[in-house]
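First up is the structure itself, then whatever we jot down about it.
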Amino acid sequence: MIIRKVAVGNSEEAFIEDTLSEGLNILLSDDNDKGKTIIIQSMLYALGNKPIFPNSFNYKDFVYYLEFEHNSEIYIIVRSGDEYVLKYSDKLGIFEGMSELKRFWNNNIFQLPMIPFQGEKRIVDMELFVQLFFVGQDSKDTSTIFNSGFYHKDDFRNMLLSYSGDFSSEITPKEIIKIKDKIRKLKARRKEQLNLSDFYKTVAVAPEYLSKIKDRDAFNKRVDEMDSITDLITEIKKKRNRLAAEKSLWNGTLKELNSLNRNIKVGELRCMDCDSNHIAYKGTSKSKYSFDISTPLMRKQIIESINEKISDFTEEIKKFDFEIQKQQEELNSLMDNEDITIENIVAYKMGYKSVADIEQTIDDIDKELEQYECTLKVGKSFSDEAKEEREKFYGRFMSLMNEKKKQIDIESEKEYEDIFTKRGTVVSGSEETVFYVSKLLASVEMTDHDCPIIMDSFRAEDLSTDKEKRVLELFGELRNQCILTTTLKTEEIGKYDDMKNVNIVDYSSHRTNKILNQYDLEEFKKLLQDMYIEI
């Protein structure tokens, strides 16, 4: 996969980057805020990554264009908000949301990793997939993934494993009995915690409490914030309900078609009026679609299409569930107060300091329940042999990661113990850069992916000249395209000019905080017109 062209703009201004080579590229400037990060983030955003643009850049005002080559085929993708248009050969696809895009990508460009997620096999979203080959300059935390929230570091580990095999095995009837017993006990324990939570929440606030509030403005602000979150939760629930209703309609259509497949065993369908064997199926009165079901092959294709649509709805509903839970946690935090009641004392004696502690216990139980129920649903578990194979994979990954580290930081004797550092021991400075470079290099070799290696501000925190030279040599040995950015000090200007096989893209002449311009606008509009897009 080779990035050929990146563009960003609107009806008033634009910028186009089309000077990238297939090998090692360094985007540089003699000062910060010259637009390097805007271009890097535009690449990733067009691919479906979460927006992590600089705060000074109002990314919602612009349209993003990305042209890349894969297996000698040119693909063009345009993103505006959560809408994508993708063109290649003589095909054009329009997608609303990441779920539709990633399924098309998986079926038509190249297969994306699949991981177990909330009881199902799931194609990873781009926000997780790009972390296989991309490191940004902001929000770094070596103890977890970027944008942790919907995905977590175990999902990243599973994504790596998906390149090497499933490592799972069928569960036995004896194991099923044990799992069901564990589920029963966990549900009983969960009920106990819910009862305690209900008891703990029955706090009668004294009537005189409000009169004791000294900072009336602060109190009103808190109430406004609570109202705002409540409104947001209501709005998200409405969106989720609309999706659930659409999913239900499609499920009804699917049942009708499956029923038709079961009933028609012999003979053929014919219209009683015209004797034609071209028959259409139309769903309920709410349905706006009709389907040609003249042949079993047509019915099969329609059913597969509907199943994919239902799967997309399911994923979006889960995302809304996650967002609702997050907002409810924020609301609980705002509602928290320090009143001491008899319920507080009882809960404290039982080992709890707040209702949040109880709810955390319930949340832990839910996660454990989900794992067991997922195992039953999928019908597979990780046997001792499978677990051993997984550990071997991680062992090889860590050996490779430490090998790359040693090639960069020759003097250091300390070795990495995991793909992520332990929480509370986040590395920083040049050590952080070496950590991420080592992980990027190990990921390429272990998965054999052909995506471009993209690292924004690759010399962050004063990576020494010798280490930088070794990093560039290792990147230069890859068959993958590499796109790096850096800001040079005055005495460093020209330092890469004599390096062979390095394509220098100099942004020093750009205006500070103003990469978009009028010069590229007409060409940008033409690029979009070729995609049948007018702005």
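Chain labels A, B, ... are given in the sequence in which chains occur in the structure tokens; within each chain residues are numbered consecutively from 1, and ligands are likewise numbered from 1 in the order shown.
Neighbours of range 149-153 of chain A closer than or equal to 8 Å, with only C-alpha atoms counted and sequence neighbours fewer than 5 positions away skipped, come out as Leu128, Thr144, Lys319, Phe322 and Phe420 of chain A.
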Write out as number ranges by chain the residues lying within 6 Å of range 305-317 of chain A, counting only C-alpha atoms and excluding same-chain residues fewer than 3 positions away.
-> A: 99, 240, 247, 302, 320
Restricting it to C-alpha atoms, dump the selection as a compact mmCIF listing (two decimals), in the first residue's frame.
# COMPACT_ATOMS: atom_id res chain seq x y z
CA SER A 99 -19.00 -0.16 9.60
CA ARG A 240 -29.94 3.71 19.19
CA LYS A 247 -32.64 -3.71 12.42
CA ILE A 302 -30.25 -10.87 -1.08
CA PHE A 320 -24.16 3.73 21.22
Figure out the distance between CA of Glu359 in chain A and CA of Ile324 in chain A, please, to one decimal in Å.
->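 Answer for the CA of Ile324 in chain A to CA of Glu359 in chain A separation: 15.5 Å.
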Return the single residue from A:Val444, A:Leu20, A:Leu369, A:Ile177 that is closest to Asn480 in chain A, with distances computed using only C-alpha atoms.
->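 Of all the options, A:Val444 lies closest to Asn480 in chain A.
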Helix (DSSP H, G or I) positions in range 18-113 of chain A, given as a ChimeraX atom specification = /A:36-46,59-61,98-108
Would you list, as an mmCIF file with N, CA and C atoms, in the first residue's frame, the residues of range 365-486 of chain A that end up in strand (DSSP E or B) under DSSP run on this structure's backbone?
data_model
loop_
_atom_site.group_PDB
_atom_site.id
_atom_site.type_symbol
_atom_site.label_atom_id
_atom_site.label_comp_id
_atom_site.auth_asym_id
_atom_site.auth_seq_id
_atom_site.Cartn_x
_atom_site.Cartn_y
_atom_site.Cartn_z
ATOM 1 N N LYS A 380 -16.029 -22.259 21.524
ATOM 2 C CA LYS A 380 -14.599 -22.526 21.507
ATOM 3 C C LYS A 380 -13.940 -21.983 22.764
ATOM 4 N N SER A 381 -12.818 -22.551 23.107
ATOM 5 C CA SER A 381 -12.016 -22.049 24.211
ATOM 6 C C SER A 381 -10.554 -22.185 23.829
ATOM 7 N N ILE A 453 4.555 2.832 6.928
ATOM 8 C CA ILE A 453 4.927 3.167 8.303
ATOM 9 C C ILE A 453 4.876 4.685 8.427
ATOM 10 N N ILE A 454 4.038 5.180 9.319
ATOM 11 C CA ILE A 454 3.837 6.624 9.468
ATOM 12 C C ILE A 454 4.146 7.020 10.911
ATOM 13 N N MET A 455 5.080 7.933 11.085
ATOM 14 C CA MET A 455 5.461 8.352 12.431
ATOM 15 C C MET A 455 5.640 9.862 12.446
ATOM 16 N N CYS A 482 7.699 4.529 3.976
ATOM 17 C CA CYS A 482 7.819 5.141 5.304
ATOM 18 C C CYS A 482 7.631 6.654 5.174
ATOM 19 N N ILE A 483 6.807 7.212 6.054
ATOM 20 C CA ILE A 483 6.553 8.655 6.048
ATOM 21 C C ILE A 483 6.803 9.174 7.464
ATOM 22 N N LEU A 484 7.866 9.955 7.632
ATOM 23 C CA LEU A 484 8.263 10.476 8.937
ATOM 24 C C LEU A 484 8.233 11.994 8.898
ATOM 25 N N THR A 485 8.034 12.616 10.048
ATOM 26 C CA THR A 485 8.104 14.083 10.123
ATOM 27 C C THR A 485 9.061 14.503 11.226
ATOM 28 N N THR A 486 9.643 15.684 11.061
ATOM 29 C CA THR A 486 10.519 16.222 12.096
ATOM 30 C C THR A 486 10.663 17.728 11.921
#
Among listed residues A:Ile236, A:Val437, A:Met159, A:Val505, nearest Ser29 in chain A (using only C-alpha atoms) |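 Distance minimum relative to Ser29 in chain A lands on A:Val505.
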Between A:Lys414, A:Arg157, A:Arg189, A:Lys514, smallest distance to Ser443 in chain A by only C-alpha atoms belongs to A:Arg157
Shell of 8 Å around range 496-504 of chain A, only C-alpha atoms, local chain residues under 5 positions omitted, as a list of chain:residue names | A:Leu20, A:Ser21, A:Gly23, A:Leu24, A:Asn25, A:Ile26, A:Leu27, A:Leu28, A:Gly476
Take the residues from that selection and write them out as a PDB file, in the first residue's frame, keeping C-alpha atoms.
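Printed below is part-v2.pdb as written:
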ATOM      1  CA  LEU A  20       5.789  11.332  -1.658  1.00  0.00           C
ATOM      2  CA  SER A  21       8.030   8.530  -2.895  1.00  0.00           C
ATOM      3  CA  GLY A  23      10.484   4.510  -0.083  1.00  0.00           C
ATOM      4  CA  LEU A  24      11.605   6.583   2.893  1.00  0.00           C
ATOM      5  CA  ASN A  25      10.094  10.090   3.116  1.00  0.00           C
ATOM      6  CA  ILE A  26      10.930  12.799   5.645  1.00  0.00           C
ATOM      7  CA  LEU A  27       8.558  15.770   5.920  1.00  0.00           C
ATOM      8  CA  LEU A  28      10.507  18.519   7.657  1.00  0.00           C
ATOM      9  CA  GLY A 476      15.194   2.259   4.947  1.00  0.00           C
TER      10      GLY A 476
END
Provide the CA of Asp364 in chain A to CA of Phe146 in chain A distance in Å, to one decimal place.
->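 Separating CA of Asp364 in chain A from CA of Phe146 in chain A is a distance of 22.9 Å.
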Write out as a list in words each polymer residue whose atoms come within 7 Å of Glu83 in chain A, counting only C-alpha atoms; drop sequence neighbours fewer than 4 positions from it.
->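 These residues fall inside the cut-off: Arg79, Phe95, Glu96 and Gly97 of chain A.
Distances here use only C-alpha atoms; by that measure, the residue among A:Ala188, A:Val8, A:Ile52, A:Leu160 closest to Asp138 in chain A is A:Ile52.
Straight-line separation from CA of Ile115 in chain A to CA of Leu161 in chain A: 8.5 Å.
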